[in-house]
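Text of the file data.cif, holding mmCIF, N, CA and C atoms:
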data_upload
loop_
_atom_site.label_atom_id
_atom_site.label_comp_id
_atom_site.auth_asym_id
_atom_site.auth_seq_id
_atom_site.Cartn_x
_atom_site.Cartn_y
_atom_site.Cartn_z
N MET A 1 -10.32 -6.27 7.01
CA MET A 1 -10.43 -7.72 7.02
C MET A 1 -10.10 -8.20 8.43
N PRO A 2 -11.01 -8.94 9.02
CA PRO A 2 -10.71 -9.48 10.35
C PRO A 2 -9.50 -10.40 10.32
N ARG A 3 -8.73 -10.39 11.38
CA ARG A 3 -7.50 -11.19 11.42
C ARG A 3 -7.77 -12.67 11.21
N GLU A 4 -8.93 -13.15 11.70
CA GLU A 4 -9.26 -14.57 11.52
C GLU A 4 -9.36 -14.92 10.04
N LYS A 5 -9.95 -14.03 9.29
CA LYS A 5 -10.09 -14.23 7.84
C LYS A 5 -8.72 -14.14 7.15
N ALA A 6 -7.91 -13.19 7.57
CA ALA A 6 -6.58 -13.00 6.96
C ALA A 6 -5.66 -14.19 7.23
N LEU A 7 -5.83 -14.83 8.39
CA LEU A 7 -4.99 -15.99 8.70
C LEU A 7 -5.21 -17.13 7.72
N SER A 8 -6.40 -17.16 7.10
CA SER A 8 -6.70 -18.24 6.16
C SER A 8 -6.31 -17.91 4.72
N LEU A 9 -5.74 -16.72 4.49
CA LEU A 9 -5.33 -16.36 3.13
C LEU A 9 -4.22 -17.28 2.64
N ASP A 10 -4.30 -17.65 1.39
CA ASP A 10 -3.28 -18.49 0.78
C ASP A 10 -2.12 -17.61 0.31
N THR A 11 -1.02 -17.67 1.03
CA THR A 11 0.16 -16.88 0.65
C THR A 11 1.16 -17.73 -0.13
N SER A 12 0.74 -18.92 -0.51
CA SER A 12 1.65 -19.79 -1.26
C SER A 12 1.46 -19.62 -2.77
N LEU A 13 0.84 -18.48 -3.16
CA LEU A 13 0.72 -18.21 -4.60
C LEU A 13 2.08 -18.39 -5.24
N SER A 14 2.08 -18.84 -6.43
CA SER A 14 3.34 -19.11 -7.11
C SER A 14 4.16 -17.83 -7.29
N ILE A 15 5.21 -17.72 -6.50
CA ILE A 15 6.14 -16.60 -6.66
C ILE A 15 7.24 -17.12 -7.58
N PRO A 16 7.35 -16.52 -8.76
CA PRO A 16 8.33 -17.02 -9.74
C PRO A 16 9.76 -17.00 -9.21
N GLU A 17 10.59 -17.79 -9.87
CA GLU A 17 12.01 -17.84 -9.53
C GLU A 17 12.62 -16.45 -9.67
N ASN A 18 13.55 -16.13 -8.81
CA ASN A 18 14.22 -14.82 -8.74
C ASN A 18 13.33 -13.70 -8.23
N PHE A 19 12.15 -14.04 -7.69
CA PHE A 19 11.26 -13.07 -7.08
C PHE A 19 11.32 -13.26 -5.57
N SER A 20 11.10 -12.18 -4.83
CA SER A 20 11.05 -12.28 -3.37
C SER A 20 10.10 -11.22 -2.82
N VAL A 21 9.55 -11.51 -1.66
CA VAL A 21 8.69 -10.57 -0.95
C VAL A 21 9.46 -10.12 0.29
N LYS A 22 9.68 -8.81 0.41
CA LYS A 22 10.45 -8.29 1.54
C LYS A 22 10.09 -6.82 1.77
N PRO A 23 10.48 -6.29 2.93
CA PRO A 23 10.22 -4.87 3.20
C PRO A 23 10.92 -3.96 2.18
N LEU A 24 10.32 -2.81 1.95
CA LEU A 24 10.89 -1.84 1.02
C LEU A 24 12.18 -1.24 1.58
N SER A 25 13.11 -0.97 0.69
CA SER A 25 14.32 -0.25 1.09
C SER A 25 14.05 1.25 0.96
N ASN A 26 14.89 2.07 1.57
CA ASN A 26 14.74 3.52 1.44
C ASN A 26 14.86 3.96 -0.01
N LYS A 27 15.76 3.35 -0.75
CA LYS A 27 15.96 3.67 -2.16
C LYS A 27 14.68 3.39 -2.96
N ASP A 28 14.06 2.27 -2.68
CA ASP A 28 12.86 1.89 -3.42
C ASP A 28 11.65 2.71 -3.03
N LEU A 29 11.69 3.30 -1.86
CA LEU A 29 10.60 4.17 -1.43
C LEU A 29 10.49 5.37 -2.37
N GLU A 30 11.61 5.93 -2.76
CA GLU A 30 11.60 7.06 -3.70
C GLU A 30 11.09 6.63 -5.07
N PHE A 31 11.45 5.43 -5.49
CA PHE A 31 10.95 4.90 -6.76
C PHE A 31 9.43 4.73 -6.71
N ALA A 32 8.94 4.13 -5.63
CA ALA A 32 7.49 3.95 -5.47
C ALA A 32 6.78 5.29 -5.48
N HIS A 33 7.36 6.25 -4.80
CA HIS A 33 6.76 7.59 -4.78
C HIS A 33 6.73 8.21 -6.17
N SER A 34 7.76 8.00 -6.97
CA SER A 34 7.82 8.60 -8.30
C SER A 34 6.70 8.10 -9.21
N LEU A 35 6.16 6.92 -8.92
CA LEU A 35 5.09 6.34 -9.73
C LEU A 35 3.71 6.52 -9.09
N TYR A 36 3.66 7.05 -7.89
CA TYR A 36 2.39 7.19 -7.17
C TYR A 36 1.52 8.25 -7.86
N PRO A 37 0.34 7.86 -8.34
CA PRO A 37 -0.47 8.80 -9.13
C PRO A 37 -1.03 9.98 -8.34
N TYR A 38 -1.04 9.91 -7.02
CA TYR A 38 -1.60 10.98 -6.20
C TYR A 38 -0.50 11.78 -5.48
N ARG A 39 0.72 11.70 -5.97
CA ARG A 39 1.83 12.37 -5.30
C ARG A 39 1.71 13.89 -5.41
N ASP A 40 2.26 14.54 -4.41
CA ASP A 40 2.36 16.00 -4.43
C ASP A 40 3.61 16.38 -3.66
N GLU A 41 3.72 17.63 -3.23
CA GLU A 41 4.95 18.11 -2.60
C GLU A 41 5.22 17.51 -1.23
N VAL A 42 4.25 16.87 -0.61
CA VAL A 42 4.47 16.31 0.73
C VAL A 42 4.38 14.79 0.79
N THR A 43 3.99 14.13 -0.29
CA THR A 43 3.79 12.68 -0.20
C THR A 43 5.08 11.89 0.00
N LEU A 44 6.21 12.37 -0.49
CA LEU A 44 7.45 11.64 -0.24
C LEU A 44 7.75 11.63 1.25
N GLN A 45 7.59 12.75 1.92
CA GLN A 45 7.79 12.79 3.38
C GLN A 45 6.79 11.89 4.08
N PHE A 46 5.57 11.87 3.59
CA PHE A 46 4.53 11.01 4.15
C PHE A 46 4.93 9.54 3.98
N PHE A 47 5.38 9.16 2.79
CA PHE A 47 5.84 7.79 2.55
C PHE A 47 7.00 7.44 3.48
N GLN A 48 7.93 8.36 3.66
CA GLN A 48 9.07 8.10 4.53
C GLN A 48 8.63 7.87 5.97
N MET A 49 7.64 8.64 6.42
CA MET A 49 7.11 8.45 7.77
C MET A 49 6.42 7.09 7.90
N LEU A 50 5.60 6.74 6.91
CA LEU A 50 4.94 5.44 6.93
C LEU A 50 5.97 4.31 6.95
N HIS A 51 6.99 4.44 6.14
CA HIS A 51 8.05 3.44 6.04
C HIS A 51 8.78 3.27 7.37
N LYS A 52 9.02 4.37 8.04
CA LYS A 52 9.76 4.35 9.30
C LYS A 52 8.97 3.71 10.44
N PHE A 53 7.67 3.96 10.49
CA PHE A 53 6.89 3.56 11.66
C PHE A 53 5.93 2.40 11.44
N ASN A 54 5.77 1.92 10.21
CA ASN A 54 4.80 0.87 9.94
C ASN A 54 5.39 -0.21 9.05
N LYS A 55 4.70 -1.33 9.01
CA LYS A 55 5.09 -2.41 8.10
C LYS A 55 4.90 -1.97 6.66
N ASN A 56 5.63 -2.59 5.78
CA ASN A 56 5.47 -2.40 4.34
C ASN A 56 6.07 -3.61 3.65
N LEU A 57 5.64 -3.87 2.45
CA LEU A 57 6.18 -5.01 1.70
C LEU A 57 6.29 -4.65 0.23
N GLY A 58 7.26 -5.28 -0.41
CA GLY A 58 7.40 -5.15 -1.85
C GLY A 58 7.67 -6.51 -2.46
N LEU A 59 7.28 -6.66 -3.70
CA LEU A 59 7.61 -7.84 -4.48
C LEU A 59 8.74 -7.44 -5.42
N TYR A 60 9.83 -8.16 -5.32
CA TYR A 60 11.04 -7.83 -6.07
C TYR A 60 11.39 -8.95 -7.04
N LYS A 61 11.94 -8.57 -8.18
CA LYS A 61 12.55 -9.53 -9.09
C LYS A 61 14.00 -9.09 -9.23
N SER A 62 14.91 -9.93 -8.75
CA SER A 62 16.34 -9.60 -8.79
C SER A 62 16.60 -8.19 -8.29
N ASP A 63 16.06 -7.86 -7.15
CA ASP A 63 16.23 -6.56 -6.49
C ASP A 63 15.57 -5.38 -7.20
N ASN A 64 14.72 -5.63 -8.19
CA ASN A 64 13.94 -4.57 -8.83
C ASN A 64 12.52 -4.62 -8.28
N LEU A 65 12.06 -3.51 -7.75
CA LEU A 65 10.73 -3.43 -7.14
C LEU A 65 9.65 -3.44 -8.22
N LEU A 66 8.69 -4.38 -8.09
CA LEU A 66 7.61 -4.51 -9.08
C LEU A 66 6.26 -4.12 -8.50
N SER A 67 6.02 -4.46 -7.24
CA SER A 67 4.74 -4.21 -6.59
C SER A 67 5.00 -3.93 -5.12
N TRP A 68 4.16 -3.06 -4.49
CA TRP A 68 4.46 -2.64 -3.12
C TRP A 68 3.22 -2.14 -2.42
N CYS A 69 3.32 -2.07 -1.10
CA CYS A 69 2.25 -1.49 -0.29
C CYS A 69 2.85 -0.95 1.00
N LEU A 70 2.37 0.22 1.39
CA LEU A 70 2.73 0.83 2.67
C LEU A 70 1.52 0.75 3.59
N LEU A 71 1.77 0.67 4.87
CA LEU A 71 0.68 0.68 5.84
C LEU A 71 0.60 2.04 6.51
N HIS A 72 -0.63 2.46 6.73
CA HIS A 72 -0.95 3.69 7.46
C HIS A 72 -1.53 3.23 8.79
N GLN A 73 -1.92 4.14 9.62
CA GLN A 73 -2.55 3.79 10.90
C GLN A 73 -4.03 3.57 10.70
N PRO A 74 -4.73 2.76 11.38
CA PRO A 74 -4.24 1.60 12.13
C PRO A 74 -4.24 0.38 11.22
N ASN A 75 -3.12 -0.03 10.77
CA ASN A 75 -2.96 -1.22 9.92
C ASN A 75 -3.75 -1.10 8.62
N SER A 76 -3.83 0.10 8.08
CA SER A 76 -4.59 0.27 6.85
C SER A 76 -3.66 0.34 5.65
N PHE A 77 -4.00 -0.45 4.66
CA PHE A 77 -3.23 -0.50 3.43
C PHE A 77 -3.41 0.82 2.69
N THR A 78 -2.31 1.41 2.30
CA THR A 78 -2.36 2.62 1.48
C THR A 78 -1.24 2.51 0.45
N ALA A 79 -1.43 3.11 -0.67
CA ALA A 79 -0.42 3.10 -1.73
C ALA A 79 -0.05 1.69 -2.18
N LEU A 80 -1.05 0.80 -2.30
CA LEU A 80 -0.81 -0.50 -2.92
C LEU A 80 -0.72 -0.25 -4.42
N GLN A 81 0.40 -0.64 -4.99
CA GLN A 81 0.61 -0.33 -6.40
C GLN A 81 1.53 -1.35 -7.04
N THR A 82 1.32 -1.58 -8.31
CA THR A 82 2.19 -2.42 -9.12
C THR A 82 2.66 -1.58 -10.31
N HIS A 83 3.94 -1.68 -10.61
CA HIS A 83 4.49 -0.97 -11.77
C HIS A 83 3.64 -1.32 -12.99
N ASP A 84 3.34 -0.31 -13.81
CA ASP A 84 2.45 -0.49 -14.97
C ASP A 84 2.85 -1.68 -15.85
N THR A 85 4.12 -1.87 -16.06
CA THR A 85 4.62 -2.95 -16.92
C THR A 85 4.25 -4.34 -16.39
N PHE A 86 4.01 -4.44 -15.09
CA PHE A 86 3.81 -5.75 -14.48
C PHE A 86 2.41 -5.96 -13.93
N GLN A 87 1.47 -5.12 -14.32
CA GLN A 87 0.10 -5.27 -13.84
C GLN A 87 -0.58 -6.47 -14.47
N ARG A 88 -1.64 -6.93 -13.80
CA ARG A 88 -2.47 -8.06 -14.26
C ARG A 88 -1.71 -9.39 -14.25
N LYS A 89 -0.74 -9.51 -13.34
CA LYS A 89 0.01 -10.76 -13.19
C LYS A 89 -0.16 -11.35 -11.79
N GLY A 90 -1.01 -10.72 -10.97
CA GLY A 90 -1.23 -11.21 -9.61
C GLY A 90 -0.23 -10.71 -8.59
N PHE A 91 0.65 -9.78 -8.97
CA PHE A 91 1.68 -9.32 -8.05
C PHE A 91 1.11 -8.49 -6.90
N GLY A 92 0.10 -7.67 -7.18
CA GLY A 92 -0.55 -6.91 -6.11
C GLY A 92 -1.22 -7.84 -5.11
N THR A 93 -1.80 -8.92 -5.61
CA THR A 93 -2.44 -9.92 -4.74
C THR A 93 -1.41 -10.57 -3.83
N ILE A 94 -0.25 -10.88 -4.36
CA ILE A 94 0.81 -11.49 -3.55
C ILE A 94 1.19 -10.56 -2.40
N VAL A 95 1.39 -9.28 -2.70
CA VAL A 95 1.77 -8.31 -1.66
C VAL A 95 0.64 -8.15 -0.65
N LEU A 96 -0.59 -7.98 -1.13
CA LEU A 96 -1.74 -7.80 -0.25
C LEU A 96 -1.89 -8.97 0.71
N ARG A 97 -1.90 -10.18 0.18
CA ARG A 97 -2.09 -11.37 1.04
C ARG A 97 -0.98 -11.52 2.07
N ASN A 98 0.25 -11.34 1.64
CA ASN A 98 1.37 -11.49 2.58
C ASN A 98 1.34 -10.44 3.68
N LEU A 99 0.97 -9.22 3.34
CA LEU A 99 0.91 -8.16 4.34
C LEU A 99 -0.26 -8.38 5.30
N ALA A 100 -1.42 -8.75 4.77
CA ALA A 100 -2.59 -9.00 5.62
C ALA A 100 -2.34 -10.18 6.56
N LYS A 101 -1.72 -11.22 6.04
CA LYS A 101 -1.44 -12.39 6.88
C LYS A 101 -0.39 -12.06 7.94
N SER A 102 0.60 -11.26 7.59
CA SER A 102 1.61 -10.85 8.55
C SER A 102 0.98 -10.08 9.71
N LEU A 103 0.07 -9.17 9.38
CA LEU A 103 -0.64 -8.43 10.44
C LEU A 103 -1.48 -9.37 11.29
N ALA A 104 -2.15 -10.31 10.64
CA ALA A 104 -3.02 -11.25 11.36
C ALA A 104 -2.23 -12.10 12.35
N THR A 105 -1.02 -12.49 11.98
CA THR A 105 -0.21 -13.30 12.91
C THR A 105 0.19 -12.49 14.14
N GLU A 106 0.10 -11.16 14.03
CA GLU A 106 0.36 -10.28 15.18
C GLU A 106 -0.94 -9.94 15.92
N GLY A 107 -2.05 -10.58 15.51
CA GLY A 107 -3.33 -10.33 16.15
C GLY A 107 -4.04 -9.08 15.67
N LYS A 108 -3.67 -8.58 14.49
CA LYS A 108 -4.23 -7.32 13.99
C LYS A 108 -5.14 -7.52 12.79
N ASP A 109 -6.21 -6.76 12.75
CA ASP A 109 -7.10 -6.71 11.59
C ASP A 109 -6.46 -5.82 10.53
N SER A 110 -6.92 -5.95 9.29
CA SER A 110 -6.43 -5.13 8.19
C SER A 110 -7.54 -4.23 7.66
N PHE A 111 -7.14 -3.06 7.23
CA PHE A 111 -8.05 -2.09 6.64
C PHE A 111 -7.41 -1.58 5.35
N ALA A 112 -8.21 -0.95 4.50
CA ALA A 112 -7.66 -0.39 3.26
C ALA A 112 -8.19 1.02 3.06
N ILE A 113 -7.33 1.87 2.54
CA ILE A 113 -7.72 3.22 2.14
C ILE A 113 -7.66 3.23 0.62
N ILE A 114 -8.81 3.46 -0.02
CA ILE A 114 -8.88 3.45 -1.48
C ILE A 114 -9.47 4.78 -1.94
N VAL A 115 -8.78 5.43 -2.84
CA VAL A 115 -9.27 6.70 -3.38
C VAL A 115 -10.55 6.45 -4.17
N ASP A 116 -11.54 7.30 -3.95
CA ASP A 116 -12.82 7.19 -4.65
C ASP A 116 -12.58 7.13 -6.16
N GLY A 117 -13.18 6.14 -6.79
CA GLY A 117 -13.03 5.98 -8.23
C GLY A 117 -11.91 5.04 -8.65
N ASN A 118 -11.11 4.56 -7.70
CA ASN A 118 -10.03 3.63 -8.02
C ASN A 118 -10.62 2.22 -8.08
N GLU A 119 -11.22 1.91 -9.20
CA GLU A 119 -11.94 0.64 -9.35
C GLU A 119 -11.02 -0.58 -9.29
N LYS A 120 -9.81 -0.47 -9.83
CA LYS A 120 -8.89 -1.62 -9.79
C LYS A 120 -8.62 -2.04 -8.35
N SER A 121 -8.31 -1.06 -7.49
CA SER A 121 -8.04 -1.39 -6.09
C SER A 121 -9.29 -1.90 -5.39
N SER A 122 -10.42 -1.25 -5.64
CA SER A 122 -11.67 -1.69 -5.01
C SER A 122 -11.97 -3.14 -5.37
N GLN A 123 -11.82 -3.47 -6.64
CA GLN A 123 -12.08 -4.84 -7.08
C GLN A 123 -11.11 -5.83 -6.46
N LEU A 124 -9.84 -5.47 -6.38
CA LEU A 124 -8.84 -6.36 -5.80
C LEU A 124 -9.15 -6.63 -4.33
N PHE A 125 -9.37 -5.58 -3.55
CA PHE A 125 -9.64 -5.77 -2.13
C PHE A 125 -10.93 -6.54 -1.91
N THR A 126 -11.96 -6.29 -2.71
CA THR A 126 -13.22 -7.03 -2.60
C THR A 126 -12.98 -8.50 -2.92
N LYS A 127 -12.25 -8.76 -4.01
CA LYS A 127 -11.95 -10.14 -4.42
C LYS A 127 -11.21 -10.89 -3.31
N GLU A 128 -10.36 -10.19 -2.58
CA GLU A 128 -9.55 -10.83 -1.54
C GLU A 128 -10.27 -10.92 -0.20
N GLY A 129 -11.52 -10.45 -0.13
CA GLY A 129 -12.31 -10.65 1.09
C GLY A 129 -12.49 -9.44 1.98
N PHE A 130 -12.06 -8.27 1.54
CA PHE A 130 -12.29 -7.04 2.30
C PHE A 130 -13.72 -6.57 2.05
N ASP A 131 -14.34 -6.01 3.07
CA ASP A 131 -15.68 -5.44 2.96
C ASP A 131 -15.61 -3.94 3.19
N CYS A 132 -16.42 -3.19 2.44
CA CYS A 132 -16.50 -1.75 2.66
C CYS A 132 -17.37 -1.52 3.89
N ILE A 133 -16.78 -0.95 4.94
CA ILE A 133 -17.53 -0.74 6.17
C ILE A 133 -17.85 0.73 6.42
N ASP A 134 -17.15 1.62 5.74
CA ASP A 134 -17.40 3.05 5.92
C ASP A 134 -16.59 3.83 4.90
N GLU A 135 -16.84 5.12 4.84
CA GLU A 135 -16.09 6.00 3.97
C GLU A 135 -15.35 7.03 4.80
N VAL A 136 -14.21 7.46 4.30
CA VAL A 136 -13.39 8.46 4.98
C VAL A 136 -13.20 9.62 4.01
N TYR A 137 -13.27 10.81 4.54
CA TYR A 137 -13.05 12.00 3.72
C TYR A 137 -11.81 12.72 4.22
N ASN A 138 -10.91 13.01 3.32
CA ASN A 138 -9.70 13.76 3.66
C ASN A 138 -9.82 15.17 3.09
N ILE A 139 -9.28 16.10 3.83
CA ILE A 139 -9.23 17.47 3.32
C ILE A 139 -7.79 17.95 3.37
N LYS A 140 -7.48 18.86 2.49
CA LYS A 140 -6.14 19.42 2.45
C LYS A 140 -6.27 20.92 2.65
N ILE A 141 -5.59 21.42 3.64
CA ILE A 141 -5.63 22.85 3.95
C ILE A 141 -4.28 23.45 3.58
N GLU A 142 -4.32 24.46 2.75
CA GLU A 142 -3.10 25.12 2.32
C GLU A 142 -3.14 26.58 2.75
N PRO A 143 -2.02 27.09 3.21
CA PRO A 143 -1.99 28.50 3.61
C PRO A 143 -2.06 29.41 2.39
N LYS A 144 -2.62 30.56 2.61
CA LYS A 144 -2.64 31.59 1.56
C LYS A 144 -1.29 32.30 1.63
N ILE A 145 -0.41 31.99 0.74
CA ILE A 145 0.96 32.52 0.75
C ILE A 145 0.97 34.05 0.76
N ASP A 146 0.13 34.67 -0.02
CA ASP A 146 0.10 36.14 -0.07
C ASP A 146 -0.18 36.75 1.29
N LYS A 147 -1.11 36.17 2.03
CA LYS A 147 -1.46 36.71 3.35
C LYS A 147 -0.31 36.52 4.34
N ILE A 148 0.39 35.41 4.24
CA ILE A 148 1.50 35.15 5.16
C ILE A 148 2.64 36.13 4.89
N LYS A 149 2.93 36.39 3.64
CA LYS A 149 4.03 37.29 3.28
C LYS A 149 3.76 38.73 3.71
N LYS A 150 2.49 39.15 3.72
CA LYS A 150 2.14 40.52 4.07
C LYS A 150 2.31 40.82 5.55
N LYS A 151 2.23 39.81 6.40
CA LYS A 151 2.29 40.03 7.85
C LYS A 151 3.65 40.29 8.35
#

Kindly present the structure from the file in structure tokens form.
Amino acid sequence: MPREKALSLDTSLSIPENFSVKPLSNKDLEFAHSLYPYRDEVTLQFFQMLHKFNKNLGLYKSDNLLSWCLLHQPNSFTALQTHDTFQRKGFGTIVLRNLAKSLATEGKDSFAIIVDGNEKSSQLFTKEGFDCIDEVYNIKIEPKIDKIKKK
């Protein structure tokens, strides 16, 4: 999303009483990771790296994390998620808009990384004004443990 478009996002969506939008804490990073559907043996370290070096936001109710997003390089939304119990209440939209607008005020465009087949995320980002401009393919290379042990 171009920064000019993000600057016009309405971030005054009704945030209920006792709710707040703020950066994720280290403690909540582990909670977010525990619910991440694509987690594996290295994603917690990946989340910790993203948290350390990039912006992130969470929607909290009385210090309980309900919805969150981490940024990857370059300003790309990754791991936008809302706790299952609180989905379909607009909480992901609140986080998305606030994060995109925050980047825009710094003169930065926003991008999103969406796993193929994740229709909920695709629909949300499209609804909020993001356009699909290209596809990215990730590969995972794992060592053959047997070969390493033999050497």

*For the atom pair atom CA of A:Pro16 and atom CA of A:Ser76, what is the interatomic distance in Å to one decimal place?*
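Separating atom CA of A:Pro16 from atom CA of A:Ser76 is a distance of 27.2 Å.
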
Open item on the list: Please return, as a ChimeraX atom specification, all residues of chain A that DSSP assigns to strand (DSSP E) on the basis of the backbone.
Closed with: /A:19-22,56-61,64-72,76-82,111-112

Task: Hits from the PyMOL selection byres (((chain A and resi 9 and name CA) around 9) and name CA), listed as a ChimeraX atom specification - done: /A:5-8,10-12,97-98,100-101,128

Nearest to A:Leu124, chosen from A:Asn138, A:Thr93, A:Lys55, A:Ala104, with only N, CA and C atoms counted in the distances
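Looking at the shortest contact to A:Leu124, the residue is A:Thr93.
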
- Enter the distance from atom C of A:Gly90 to atom C of A:Leu29, in Å, rounded to one decimal.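 Computing it gives 20.3 Å between the two atoms.
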
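Excluding stretch 59-62 of chain A itself and same-chain residues fewer than 2 positions from it, the residues having an atom within 6.5 Å of it are Asn18, Phe19, Ser20, Val21, Lys22, Leu57, Asn64, Leu65, Leu66, Ser67, Trp68 and Val95 of chain A, counting only N, CA and C atoms.
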